[in-house]
$ cat upload33.pdb   # PDB, C-alpha atoms and all ligand atoms
ATOM      1  CA  MET S   1     -36.004-153.208 -98.861  1.00  0.00           C
ATOM      2  CA  ASN S   2     -39.107-155.401 -98.882  1.00  0.00           C
ATOM      3  CA  ARG S   3     -41.744-154.289 -96.404  1.00  0.00           C
ATOM      4  CA  VAL S   4     -42.831-156.895 -93.853  1.00  0.00           C
ATOM      5  CA  PRO S   5     -46.461-157.885 -94.525  1.00  0.00           C
ATOM      6  CA  ILE S   6     -48.389-157.698 -91.278  1.00  0.00           C
ATOM      7  CA  GLY S   7     -51.886-158.706 -90.221  1.00  0.00           C
ATOM      8  CA  VAL S   8     -53.442-156.808 -87.332  1.00  0.00           C
ATOM      9  CA  LEU S   9     -56.033-158.435 -85.048  1.00  0.00           C
ATOM     10  CA  VAL S  10     -58.447-156.067 -83.292  1.00  0.00           C
ATOM     11  CA  SER S  11     -61.613-156.231 -81.201  1.00  0.00           C
ATOM     12  CA  GLY S  12     -62.292-152.587 -80.424  1.00  0.00           C
ATOM     13  CA  GLY S  13     -61.255-148.999 -81.007  1.00  0.00           C
ATOM     14  CA  GLY S  14     -58.033-149.769 -82.794  1.00  0.00           C
ATOM     15  CA  THR S  15     -55.923-146.807 -81.695  1.00  0.00           C
ATOM     16  CA  ASN S  16     -52.848-149.047 -81.755  1.00  0.00           C
ATOM     17  CA  LEU S  17     -53.824-150.160 -85.257  1.00  0.00           C
ATOM     18  CA  GLN S  18     -54.033-146.481 -86.215  1.00  0.00           C
ATOM     19  CA  ALA S  19     -50.563-145.782 -84.795  1.00  0.00           C
ATOM     20  CA  ILE S  20     -49.168-148.678 -86.841  1.00  0.00           C
ATOM     21  CA  ILE S  21     -50.940-147.593 -90.042  1.00  0.00           C
ATOM     22  CA  ASP S  22     -49.687-144.024 -89.548  1.00  0.00           C
ATOM     23  CA  ALA S  23     -46.115-145.210 -88.955  1.00  0.00           C
ATOM     24  CA  SER S  24     -46.308-147.418 -92.038  1.00  0.00           C
ATOM     25  CA  GLU S  25     -47.765-144.730 -94.286  1.00  0.00           C
ATOM     26  CA  ALA S  26     -45.172-142.220 -93.094  1.00  0.00           C
ATOM     27  CA  GLY S  27     -42.359-144.698 -93.843  1.00  0.00           C
ATOM     28  CA  ARG S  28     -41.286-144.809 -90.189  1.00  0.00           C
ATOM     29  CA  ILE S  29     -41.583-148.596 -90.178  1.00  0.00           C
ATOM     30  CA  ASN S  30     -40.638-151.002 -92.900  1.00  0.00           C
ATOM     31  CA  ALA S  31     -43.916-152.893 -92.671  1.00  0.00           C
ATOM     32  CA  GLU S  32     -47.311-152.722 -94.292  1.00  0.00           C
ATOM     33  CA  VAL S  33     -50.720-153.723 -92.925  1.00  0.00           C
ATOM     34  CA  LYS S  34     -52.075-156.249 -95.434  1.00  0.00           C
ATOM     35  CA  VAL S  35     -55.234-157.188 -93.549  1.00  0.00           C
ATOM     36  CA  VAL S  36     -57.134-156.268 -90.399  1.00  0.00           C
ATOM     37  CA  VAL S  37     -59.153-159.030 -88.753  1.00  0.00           C
ATOM     38  CA  SER S  38     -61.748-158.489 -86.039  1.00  0.00           C
ATOM     39  CA  ASN S  39     -63.826-160.905 -83.977  1.00  0.00           C
ATOM     40  CA  ASN S  40     -66.245-158.024 -83.370  1.00  0.00           C
ATOM     41  CA  PRO S  41     -68.300-156.847 -86.364  1.00  0.00           C
ATOM     42  CA  ILE S  42     -68.740-153.336 -84.939  1.00  0.00           C
ATOM     43  CA  ALA S  43     -65.109-152.769 -83.927  1.00  0.00           C
ATOM     44  CA  TYR S  44     -64.119-149.212 -84.850  1.00  0.00           C
ATOM     45  CA  GLY S  45     -60.780-150.647 -85.968  1.00  0.00           C
ATOM     46  CA  LEU S  46     -62.598-151.980 -89.048  1.00  0.00           C
ATOM     47  CA  ASP S  47     -63.573-148.415 -90.020  1.00  0.00           C
ATOM     48  CA  ARG S  48     -59.981-147.349 -89.643  1.00  0.00           C
ATOM     49  CA  ALA S  49     -58.908-150.122 -92.034  1.00  0.00           C
ATOM     50  CA  ARG S  50     -61.547-149.122 -94.598  1.00  0.00           C
ATOM     51  CA  ARG S  51     -60.536-145.495 -94.451  1.00  0.00           C
ATOM     52  CA  HIS S  52     -56.996-146.476 -95.361  1.00  0.00           C
ATOM     53  CA  GLY S  53     -58.011-148.908 -98.105  1.00  0.00           C
ATOM     54  CA  ILE S  54     -56.793-151.915 -96.115  1.00  0.00           C
ATOM     55  CA  PRO S  55     -58.680-155.204 -96.601  1.00  0.00           C
ATOM     56  CA  SER S  56     -60.498-156.394 -93.516  1.00  0.00           C
ATOM     57  CA  ALA S  57     -62.280-159.515 -92.352  1.00  0.00           C
ATOM     58  CA  VAL S  58     -64.727-160.231 -89.548  1.00  0.00           C
ATOM     59  CA  ILE S  59     -64.533-163.673 -87.992  1.00  0.00           C
ATOM     60  CA  THR S  60     -67.119-164.084 -85.246  1.00  0.00           C
ATOM     61  CA  LYS S  61     -66.963-166.881 -82.723  1.00  0.00           C
ATOM     62  CA  GLU S  62     -70.637-167.716 -83.297  1.00  0.00           C
ATOM     63  CA  SER S  63     -69.784-169.130 -86.733  1.00  0.00           C
ATOM     64  CA  PHE S  64     -67.517-171.808 -85.242  1.00  0.00           C
ATOM     65  CA  THR S  65     -68.149-174.673 -82.869  1.00  0.00           C
ATOM     66  CA  THR S  66     -64.590-174.950 -81.535  1.00  0.00           C
ATOM     67  CA  LYS S  67     -61.698-172.610 -80.801  1.00  0.00           C
ATOM     68  CA  ASP S  68     -59.538-174.727 -83.117  1.00  0.00           C
ATOM     69  CA  SER S  69     -61.857-174.262 -86.092  1.00  0.00           C
ATOM     70  CA  TYR S  70     -62.013-170.510 -85.368  1.00  0.00           C
ATOM     71  CA  ASP S  71     -58.244-170.254 -85.309  1.00  0.00           C
ATOM     72  CA  ALA S  72     -57.926-172.400 -88.458  1.00  0.00           C
ATOM     73  CA  GLU S  73     -60.046-169.792 -90.270  1.00  0.00           C
ATOM     74  CA  LEU S  74     -57.910-167.021 -88.801  1.00  0.00           C
ATOM     75  CA  ILE S  75     -54.727-168.722 -90.014  1.00  0.00           C
ATOM     76  CA  LYS S  76     -56.231-169.177 -93.482  1.00  0.00           C
ATOM     77  CA  THR S  77     -57.247-165.510 -93.704  1.00  0.00           C
ATOM     78  CA  LEU S  78     -53.821-164.289 -92.625  1.00  0.00           C
ATOM     79  CA  ASN S  79     -52.030-166.660 -95.004  1.00  0.00           C
ATOM     80  CA  ASN S  80     -54.293-165.589 -97.880  1.00  0.00           C
ATOM     81  CA  HIS S  81     -52.963-162.056 -97.390  1.00  0.00           C
ATOM     82  CA  GLY S  82     -49.345-163.219 -97.217  1.00  0.00           C
ATOM     83  CA  VAL S  83     -48.960-162.171 -93.588  1.00  0.00           C
ATOM     84  CA  MET S  84     -45.505-162.709 -92.111  1.00  0.00           C
ATOM     85  CA  LEU S  85     -46.025-161.004 -88.733  1.00  0.00           C
ATOM     86  CA  VAL S  86     -49.260-161.159 -86.739  1.00  0.00           C
ATOM     87  CA  VAL S  87     -49.885-158.094 -84.565  1.00  0.00           C
ATOM     88  CA  MET S  88     -52.506-158.343 -81.804  1.00  0.00           C
ATOM     89  CA  ALA S  89     -53.801-154.869 -81.021  1.00  0.00           C
ATOM     90  CA  GLY S  90     -56.536-155.138 -78.419  1.00  0.00           C
ATOM     91  CA  PHE S  91     -57.653-158.541 -79.717  1.00  0.00           C
ATOM     92  CA  MET S  92     -59.680-159.965 -76.859  1.00  0.00           C
ATOM     93  CA  ARG S  93     -59.269-163.655 -77.573  1.00  0.00           C
ATOM     94  CA  ILE S  94     -56.726-166.169 -76.394  1.00  0.00           C
ATOM     95  CA  LEU S  95     -55.080-167.942 -79.311  1.00  0.00           C
ATOM     96  CA  THR S  96     -54.904-171.720 -79.486  1.00  0.00           C
ATOM     97  CA  PRO S  97     -51.531-173.542 -79.369  1.00  0.00           C
ATOM     98  CA  ALA S  98     -52.131-174.482 -83.038  1.00  0.00           C
ATOM     99  CA  PHE S  99     -52.322-170.802 -83.992  1.00  0.00           C
ATOM    100  CA  VAL S 100     -49.183-169.985 -82.028  1.00  0.00           C
ATOM    101  CA  ALA S 101     -47.389-172.901 -83.719  1.00  0.00           C
ATOM    102  CA  ALA S 102     -48.447-171.617 -87.147  1.00  0.00           C
ATOM    103  CA  PHE S 103     -46.557-168.320 -86.554  1.00  0.00           C
ATOM    104  CA  PRO S 104     -43.664-169.201 -84.218  1.00  0.00           C
ATOM    105  CA  MET S 105     -42.136-166.007 -82.746  1.00  0.00           C
ATOM    106  CA  ARG S 106     -44.064-164.162 -85.427  1.00  0.00           C
ATOM    107  CA  ILE S 107     -46.982-163.025 -83.233  1.00  0.00           C
ATOM    108  CA  MET S 108     -46.749-159.886 -81.125  1.00  0.00           C
ATOM    109  CA  ASN S 109     -49.147-158.609 -78.487  1.00  0.00           C
ATOM    110  CA  ILE S 110     -49.398-155.354 -76.589  1.00  0.00           C
ATOM    111  CA  HIS S 111     -50.511-155.376 -72.984  1.00  0.00           C
ATOM    112  CA  PRO S 112     -51.205-152.311 -70.791  1.00  0.00           C
ATOM    113  CA  SER S 113     -49.049-153.300 -67.824  1.00  0.00           C
ATOM    114  CA  LEU S 114     -45.423-153.885 -66.994  1.00  0.00           C
ATOM    115  CA  LEU S 115     -45.486-157.662 -67.379  1.00  0.00           C
ATOM    116  CA  PRO S 116     -45.151-159.983 -65.547  1.00  0.00           C
ATOM    117  CA  ALA S 117     -47.152-157.689 -63.214  1.00  0.00           C
ATOM    118  CA  PHE S 118     -50.878-157.691 -63.899  1.00  0.00           C
ATOM    119  CA  PRO S 119     -51.574-160.118 -66.744  1.00  0.00           C
ATOM    120  CA  GLY S 120     -55.218-160.482 -67.822  1.00  0.00           C
ATOM    121  CA  LEU S 121     -57.976-157.886 -68.054  1.00  0.00           C
ATOM    122  CA  GLY S 122     -58.703-154.542 -66.367  1.00  0.00           C
ATOM    123  CA  VAL S 123     -55.053-154.202 -65.478  1.00  0.00           C
ATOM    124  CA  GLN S 124     -54.789-150.408 -65.285  1.00  0.00           C
ATOM    125  CA  LYS S 125     -57.401-150.477 -62.493  1.00  0.00           C
ATOM    126  CA  LYS S 126     -55.564-153.358 -60.829  1.00  0.00           C
ATOM    127  CA  ALA S 127     -52.281-151.397 -60.862  1.00  0.00           C
ATOM    128  CA  LEU S 128     -54.055-148.428 -59.236  1.00  0.00           C
ATOM    129  CA  GLU S 129     -55.774-150.564 -56.616  1.00  0.00           C
ATOM    130  CA  TYR S 130     -52.527-152.334 -55.803  1.00  0.00           C
ATOM    131  CA  GLY S 131     -50.877-148.975 -55.194  1.00  0.00           C
ATOM    132  CA  ALA S 132     -48.151-149.418 -57.816  1.00  0.00           C
ATOM    133  CA  ARG S 133     -46.206-146.182 -58.299  1.00  0.00           C
ATOM    134  CA  PHE S 134     -45.297-147.030 -61.869  1.00  0.00           C
ATOM    135  CA  ALA S 135     -47.400-148.582 -64.587  1.00  0.00           C
ATOM    136  CA  GLY S 136     -46.755-148.995 -68.291  1.00  0.00           C
ATOM    137  CA  CYS S 137     -47.067-151.251 -71.270  1.00  0.00           C
ATOM    138  CA  THR S 138     -45.340-154.250 -72.791  1.00  0.00           C
ATOM    139  CA  VAL S 139     -44.945-155.592 -76.315  1.00  0.00           C
ATOM    140  CA  HIS S 140     -44.112-159.280 -76.264  1.00  0.00           C
ATOM    141  CA  PHE S 141     -43.963-162.284 -78.537  1.00  0.00           C
ATOM    142  CA  VAL S 142     -46.941-164.555 -78.016  1.00  0.00           C
ATOM    143  CA  ASP S 143     -46.428-168.063 -76.721  1.00  0.00           C
ATOM    144  CA  ALA S 144     -49.005-170.641 -75.659  1.00  0.00           C
ATOM    145  CA  GLY S 145     -49.626-168.877 -72.312  1.00  0.00           C
ATOM    146  CA  VAL S 146     -51.598-165.730 -71.481  1.00  0.00           C
ATOM    147  CA  ASP S 147     -49.523-162.498 -71.601  1.00  0.00           C
ATOM    148  CA  SER S 148     -46.479-164.670 -70.995  1.00  0.00           C
ATOM    149  CA  GLY S 149     -44.202-164.617 -74.049  1.00  0.00           C
ATOM    150  CA  PRO S 150     -40.691-163.115 -74.359  1.00  0.00           C
ATOM    151  CA  ILE S 151     -40.689-159.340 -73.793  1.00  0.00           C
ATOM    152  CA  ILE S 152     -39.539-157.101 -76.658  1.00  0.00           C
ATOM    153  CA  ILE S 153     -40.050-153.580 -75.306  1.00  0.00           C
ATOM    154  CA  GLN S 154     -41.638-151.882 -72.319  1.00  0.00           C
ATOM    155  CA  ALA S 155     -42.451-148.270 -71.467  1.00  0.00           C
ATOM    156  CA  VAL S 156     -42.963-146.960 -67.955  1.00  0.00           C
ATOM    157  CA  VAL S 157     -45.316-144.204 -66.809  1.00  0.00           C
ATOM    158  CA  PRO S 158     -45.782-142.813 -63.301  1.00  0.00           C
ATOM    159  CA  VAL S 159     -49.006-143.296 -61.373  1.00  0.00           C
ATOM    160  CA  HIS S 160     -50.282-139.957 -60.053  1.00  0.00           C
ATOM    161  CA  ASP S 161     -52.230-139.485 -56.812  1.00  0.00           C
ATOM    162  CA  GLY S 162     -55.314-138.200 -58.612  1.00  0.00           C
ATOM    163  CA  ASP S 163     -55.372-140.955 -61.243  1.00  0.00           C
ATOM    164  CA  THR S 164     -58.463-142.899 -62.193  1.00  0.00           C
ATOM    165  CA  ALA S 165     -58.336-146.020 -64.346  1.00  0.00           C
ATOM    166  CA  GLU S 166     -59.218-143.737 -67.292  1.00  0.00           C
ATOM    167  CA  THR S 167     -56.469-141.156 -66.795  1.00  0.00           C
ATOM    168  CA  LEU S 168     -53.887-143.873 -66.190  1.00  0.00           C
ATOM    169  CA  SER S 169     -55.074-145.809 -69.268  1.00  0.00           C
ATOM    170  CA  ARG S 170     -54.716-142.683 -71.407  1.00  0.00           C
ATOM    171  CA  ARG S 171     -51.175-142.079 -70.161  1.00  0.00           C
ATOM    172  CA  ILE S 172     -50.263-145.697 -70.919  1.00  0.00           C
ATOM    173  CA  LEU S 173     -51.929-145.598 -74.344  1.00  0.00           C
ATOM    174  CA  VAL S 174     -49.695-142.710 -75.451  1.00  0.00           C
ATOM    175  CA  GLU S 175     -46.717-144.972 -74.787  1.00  0.00           C
ATOM    176  CA  GLU S 176     -48.377-147.974 -76.457  1.00  0.00           C
ATOM    177  CA  HIS S 177     -48.600-145.956 -79.665  1.00  0.00           C
ATOM    178  CA  ARG S 178     -44.845-145.277 -79.476  1.00  0.00           C
ATOM    179  CA  ILE S 179     -43.526-148.710 -78.580  1.00  0.00           C
ATOM    180  CA  TYR S 180     -45.663-150.897 -80.859  1.00  0.00           C
ATOM    181  CA  PRO S 181     -44.379-149.384 -84.124  1.00  0.00           C
ATOM    182  CA  GLN S 182     -40.861-149.511 -82.637  1.00  0.00           C
ATOM    183  CA  ALA S 183     -41.178-153.240 -81.882  1.00  0.00           C
ATOM    184  CA  ILE S 184     -42.439-153.903 -85.412  1.00  0.00           C
ATOM    185  CA  GLN S 185     -39.547-151.939 -86.867  1.00  0.00           C
ATOM    186  CA  LEU S 186     -37.012-153.935 -84.812  1.00  0.00           C
ATOM    187  CA  PHE S 187     -38.607-157.111 -86.195  1.00  0.00           C
ATOM    188  CA  ALA S 188     -38.533-155.719 -89.745  1.00  0.00           C
ATOM    189  CA  GLU S 189     -34.845-154.927 -89.356  1.00  0.00           C
ATOM    190  CA  GLY S 190     -34.200-158.531 -88.246  1.00  0.00           C
ATOM    191  CA  ARG S 191     -32.779-157.291 -84.953  1.00  0.00           C
ATOM    192  CA  LEU S 192     -34.810-159.424 -82.524  1.00  0.00           C
ATOM    193  CA  HIS S 193     -33.260-162.680 -81.319  1.00  0.00           C
ATOM    194  CA  VAL S 194     -35.040-164.852 -78.800  1.00  0.00           C
ATOM    195  CA  GLU S 195     -33.109-167.062 -76.391  1.00  0.00           C
ATOM    196  CA  GLY S 196     -35.418-168.730 -73.920  1.00  0.00           C
ATOM    197  CA  ARG S 197     -37.411-165.960 -72.260  1.00  0.00           C
ATOM    198  CA  ARG S 198     -35.038-163.197 -73.309  1.00  0.00           C
ATOM    199  CA  VAL S 199     -35.142-161.095 -76.426  1.00  0.00           C
ATOM    200  CA  PHE S 200     -31.774-159.704 -77.502  1.00  0.00           C
ATOM    201  CA  ILE S 201     -31.680-156.679 -79.788  1.00  0.00           C
ATOM    202  CA  THR S 202     -28.836-156.387 -82.245  1.00  0.00           C
ATOM    203  CA  GLY S 203     -27.261-152.943 -82.011  1.00  0.00           C
ATOM    204  CA  GLY S 204     -29.499-152.013 -79.072  1.00  0.00           C
ATOM    205  CA  GLN S 205     -28.466-149.088 -76.902  1.00  0.00           C
ATOM    206  CA  PRO S 206     -28.531-149.598 -73.126  1.00  0.00           C
ATOM    207  CA  VAL S 207     -30.909-147.258 -71.273  1.00  0.00           C
ATOM    208  CA  GLU S 208     -28.953-145.176 -68.785  1.00  0.00           C
ATOM    209  CA  GLY S 209     -30.202-143.755 -65.523  1.00  0.00           C
ATOM    210  CA  SER S 210     -33.186-144.549 -63.384  1.00  0.00           C
ATOM    211  CA  ILE S 211     -36.277-142.857 -62.045  1.00  0.00           C
ATOM    212  CA  ALA S 212     -38.055-143.040 -58.721  1.00  0.00           C
ATOM    213  CA  ASN S 213     -41.645-142.080 -57.936  1.00  0.00           C
ATOM    214  CA  PRO S 214     -41.744-139.997 -55.800  1.00  0.00           C
ATOM    215  CA  PRO S 215     -38.385-138.498 -56.794  1.00  0.00           C
ATOM    216  CA  VAL S 216     -35.499-138.963 -54.365  1.00  0.00           C
ATOM    217  CA  THR S 217     -34.867-135.553 -52.811  1.00  0.00           C
ATOM    218  CA  ILE S 218     -32.481-136.386 -49.959  1.00  0.00           C
ATOM    219  CA  SER S 219     -28.853-135.726 -50.726  1.00  0.00           C
ATOM    220  CA  ASP S 220     -26.165-138.427 -51.032  1.00  0.00           C
ATOM    221  CA  GLU S 221     -23.830-136.739 -48.546  1.00  0.00           C
TER
HETATM  222  C1  LIG Q   1     -54.882-151.362 -75.415  1.00  0.00           C
HETATM  223  O1  LIG Q   1     -54.715-150.632 -74.229  1.00  0.00           O
HETATM  224  C2  LIG Q   1     -54.171-152.697 -75.328  1.00  0.00           C
HETATM  225  O2  LIG Q   1     -52.966-152.627 -74.601  1.00  0.00           O
HETATM  226  C3  LIG Q   1     -55.200-153.507 -74.594  1.00  0.00           C
HETATM  227  O3  LIG Q   1     -56.417-153.141 -75.187  1.00  0.00           O
HETATM  228  C4  LIG Q   1     -56.337-151.798 -75.618  1.00  0.00           C
HETATM  229  C5  LIG Q   1     -56.759-151.725 -77.058  1.00  0.00           C
HETATM  230  O4  LIG Q   1     -56.842-150.392 -77.466  1.00  0.00           O
HETATM  231  N1  LIG Q   1     -54.943-154.914 -74.715  1.00  0.00           N
HETATM  232  C6  LIG Q   1     -55.177-155.784 -73.729  1.00  0.00           C
HETATM  233  O5  LIG Q   1     -55.650-155.466 -72.658  1.00  0.00           O
HETATM  234  C7  LIG Q   1     -54.817-157.217 -74.065  1.00  0.00           C
HETATM  235  N2  LIG Q   1     -54.728-157.993 -72.872  1.00  0.00           N
HETATM  236  P1  LIG Q   1     -56.953-150.023 -79.014  1.00  0.00           P
HETATM  237  O6  LIG Q   1     -58.070-150.895 -79.590  1.00  0.00           O
HETATM  238  O7  LIG Q   1     -57.344-148.584 -78.991  1.00  0.00           O
HETATM  239  O8  LIG Q   1     -55.625-150.284 -79.665  1.00  0.00           O
END

$ encode --input "upload33.pdb" --output "structure tokens" --more "lines below"
Ligand code: GAR
Amino acid sequence: MNRVPIGVLVSGGGTNLQAIIDASEAGRINAEVKVVVSNNPIAYGLDRARRHGIPSAVITKESFTTKDSYDAELIKTLNNHGVMLVVMAGFMRILTPAFVAAFPMRIMNIHPSLLPAFPGLGVQKKALEYGARFAGCTVHFVDAGVDSGPIIIQAVVPVHDGDTAETLSRRILVEEHRIYPQAIQLFAEGRLHVEGRRVFITGGQPVEGSIANPPVTISDE
């Protein structure tokens, strides 16, 4: 089966990029990273790409006078590498409507909260401050809004009493590295169907059961 050519957009450490590269190299996903693009010339994600022999490009905002011209360059770079699916992995820029239109339902993003709770930045800290008892992460298709597109997959983690933003972020990140490759694989298998806000998954198994935090310890009788 042909592997889906993907382009990964990063701004920082690139641990999600690494999880995707590892899944691809191990044959766990039917997709291949064709190019890594960063808006930040010193993003560690660029080193990860180099180490795996993956072409990379740096596109800095300073070289462009408008967001549209920046995104036009981004589109050109991705198209030059034959990218079919765009994967945002800690890319700290909001895409223009023209970019979104160039890859309709072919852009994914990962966000470290259970959307629609806590869109935006610094969201692990916001979940803690709010007193949420569960946090998590979301992979969604990107639409013209911010963190607002149809949701593909979410993972839930508990918030512990002793958590800091760092410990909670680490717990969420472990799940990010599991669900992002899974979302890409569902796309590669052609199993994702979007109807309005909802994403339906062909052959998807319903999740049984539920969890409470703290656990429910009183008896039913
Ligand atoms: C991840 O936690 C990702 O969910 C978050 O940035 C981090 C990037 O880590 N993205 C956002 O907050 C987007 N709104 P990584 O560079 O190690 O993959």

$ closest_residue --input "upload33.pdb" --among "S:Arg170, S:His111, S:His160, S:Lys126" --to "ligand LIG 1 (chain Q)" --atoms "all atoms listed in the file"
S:His111

$ resolve_selection --input "upload33.pdb" --expression "the PyMOL selection byres (((chain S and resi 212-219) around 10) and not hetatm)" --output "list of chain:residue names"
S:Ala132, S:Arg133, S:Phe134, S:Val157, S:Pro158, S:Val159, S:His160, S:Ser210, S:Ile211, S:Asp220, S:Glu221

$ residues_near_ligand --input "upload33.pdb" --ligand "ligand LIG 1 (chain Q)" --cutoff "10 Å" --atoms "only C-alpha atoms and all ligand atoms" --output "PyMOL selection string"
chain S and resi 9-20+43-45+88-94+109-113+118-124+136-139+146-147+169-170+172-177+180

$ closest_residue --input "upload33.pdb" --among "S:Glu32, S:Glu129, S:Val83, S:Leu115" --to "Asn2 in chain S" --atoms "only C-alpha atoms"
S:Glu32

$ axis_aligned_box --input "upload33.pdb" --around "range 16-24 of chain S" --padding-each-side "6 Å" --output "JSON"
{"center_x": -50.1, "center_y": -147.1, "center_z": -86.9, "size_x": 19.9, "size_y": 18.1, "size_z": 22.3}

$ atom_distance --input "upload33.pdb" --atom1 "CA of Ala102 in chain S" --atom2 "CA of Met1 in chain S"
25.1 Å

$ build_atoms --input "upload33.pdb" --residues "range 111-129 of chain S" --atoms "N, CA and C atoms" --output "PDB file, in the frame of the given file"
ATOM      1  N   HIS S 111     -49.750-155.219 -74.228  1.00  0.00           N
ATOM      2  CA  HIS S 111     -50.511-155.376 -72.984  1.00  0.00           C
ATOM      3  C   HIS S 111     -50.271-154.138 -72.116  1.00  0.00           C
ATOM      4  N   PRO S 112     -51.355-153.584 -71.516  1.00  0.00           N
ATOM      5  CA  PRO S 112     -51.205-152.311 -70.791  1.00  0.00           C
ATOM      6  C   PRO S 112     -50.732-152.451 -69.353  1.00  0.00           C
ATOM      7  N   SER S 113     -49.694-153.259 -69.144  1.00  0.00           N
ATOM      8  CA  SER S 113     -49.049-153.300 -67.824  1.00  0.00           C
ATOM      9  C   SER S 113     -47.581-153.631 -68.038  1.00  0.00           C
ATOM     10  N   LEU S 114     -46.829-153.494 -66.955  1.00  0.00           N
ATOM     11  CA  LEU S 114     -45.423-153.885 -66.994  1.00  0.00           C
ATOM     12  C   LEU S 114     -45.354-155.367 -66.635  1.00  0.00           C
ATOM     13  N   LEU S 115     -45.510-156.216 -67.631  1.00  0.00           N
ATOM     14  CA  LEU S 115     -45.486-157.662 -67.379  1.00  0.00           C
ATOM     15  C   LEU S 115     -44.144-158.055 -66.761  1.00  0.00           C
ATOM     16  N   PRO S 116     -44.085-159.034 -65.860  1.00  0.00           N
ATOM     17  CA  PRO S 116     -45.151-159.983 -65.547  1.00  0.00           C
ATOM     18  C   PRO S 116     -46.163-159.478 -64.509  1.00  0.00           C
ATOM     19  N   ALA S 117     -46.122-158.190 -64.124  1.00  0.00           N
ATOM     20  CA  ALA S 117     -47.152-157.689 -63.214  1.00  0.00           C
ATOM     21  C   ALA S 117     -48.459-157.541 -63.990  1.00  0.00           C
ATOM     22  N   PHE S 118     -49.539-157.919 -63.383  1.00  0.00           N
ATOM     23  CA  PHE S 118     -50.878-157.691 -63.899  1.00  0.00           C
ATOM     24  C   PHE S 118     -51.144-158.230 -65.299  1.00  0.00           C
ATOM     25  N   PRO S 119     -51.055-159.536 -65.497  1.00  0.00           N
ATOM     26  CA  PRO S 119     -51.574-160.118 -66.744  1.00  0.00           C
ATOM     27  C   PRO S 119     -53.105-160.094 -66.699  1.00  0.00           C
ATOM     28  N   GLY S 120     -53.752-160.363 -67.816  1.00  0.00           N
ATOM     29  CA  GLY S 120     -55.218-160.482 -67.822  1.00  0.00           C
ATOM     30  C   GLY S 120     -55.916-159.193 -68.199  1.00  0.00           C
ATOM     31  N   LEU S 121     -57.107-159.006 -67.649  1.00  0.00           N
ATOM     32  CA  LEU S 121     -57.976-157.886 -68.054  1.00  0.00           C
ATOM     33  C   LEU S 121     -58.089-156.833 -66.942  1.00  0.00           C
ATOM     34  N   GLY S 122     -58.461-155.613 -67.343  1.00  0.00           N
ATOM     35  CA  GLY S 122     -58.703-154.542 -66.367  1.00  0.00           C
ATOM     36  C   GLY S 122     -57.453-154.182 -65.584  1.00  0.00           C
ATOM     37  N   VAL S 123     -56.315-154.239 -66.230  1.00  0.00           N
ATOM     38  CA  VAL S 123     -55.053-154.202 -65.478  1.00  0.00           C
ATOM     39  C   VAL S 123     -54.638-152.801 -65.036  1.00  0.00           C
ATOM     40  N   GLN S 124     -55.128-151.770 -65.733  1.00  0.00           N
ATOM     41  CA  GLN S 124     -54.789-150.408 -65.285  1.00  0.00           C
ATOM     42  C   GLN S 124     -55.432-150.168 -63.915  1.00  0.00           C
ATOM     43  N   LYS S 125     -56.693-150.605 -63.775  1.00  0.00           N
ATOM     44  CA  LYS S 125     -57.401-150.477 -62.493  1.00  0.00           C
ATOM     45  C   LYS S 125     -56.691-151.307 -61.419  1.00  0.00           C
ATOM     46  N   LYS S 126     -56.241-152.492 -61.813  1.00  0.00           N
ATOM     47  CA  LYS S 126     -55.564-153.358 -60.829  1.00  0.00           C
ATOM     48  C   LYS S 126     -54.265-152.713 -60.337  1.00  0.00           C
ATOM     49  N   ALA S 127     -53.534-152.062 -61.259  1.00  0.00           N
ATOM     50  CA  ALA S 127     -52.281-151.397 -60.862  1.00  0.00           C
ATOM     51  C   ALA S 127     -52.577-150.274 -59.878  1.00  0.00           C
ATOM     52  N   LEU S 128     -53.644-149.516 -60.147  1.00  0.00           N
ATOM     53  CA  LEU S 128     -54.055-148.428 -59.236  1.00  0.00           C
ATOM     54  C   LEU S 128     -54.431-148.987 -57.871  1.00  0.00           C
ATOM     55  N   GLU S 129     -55.285-149.998 -57.880  1.00  0.00           N
ATOM     56  CA  GLU S 129     -55.774-150.564 -56.616  1.00  0.00           C
ATOM     57  C   GLU S 129     -54.634-151.172 -55.800  1.00  0.00           C
TER      58      GLU S 129
END
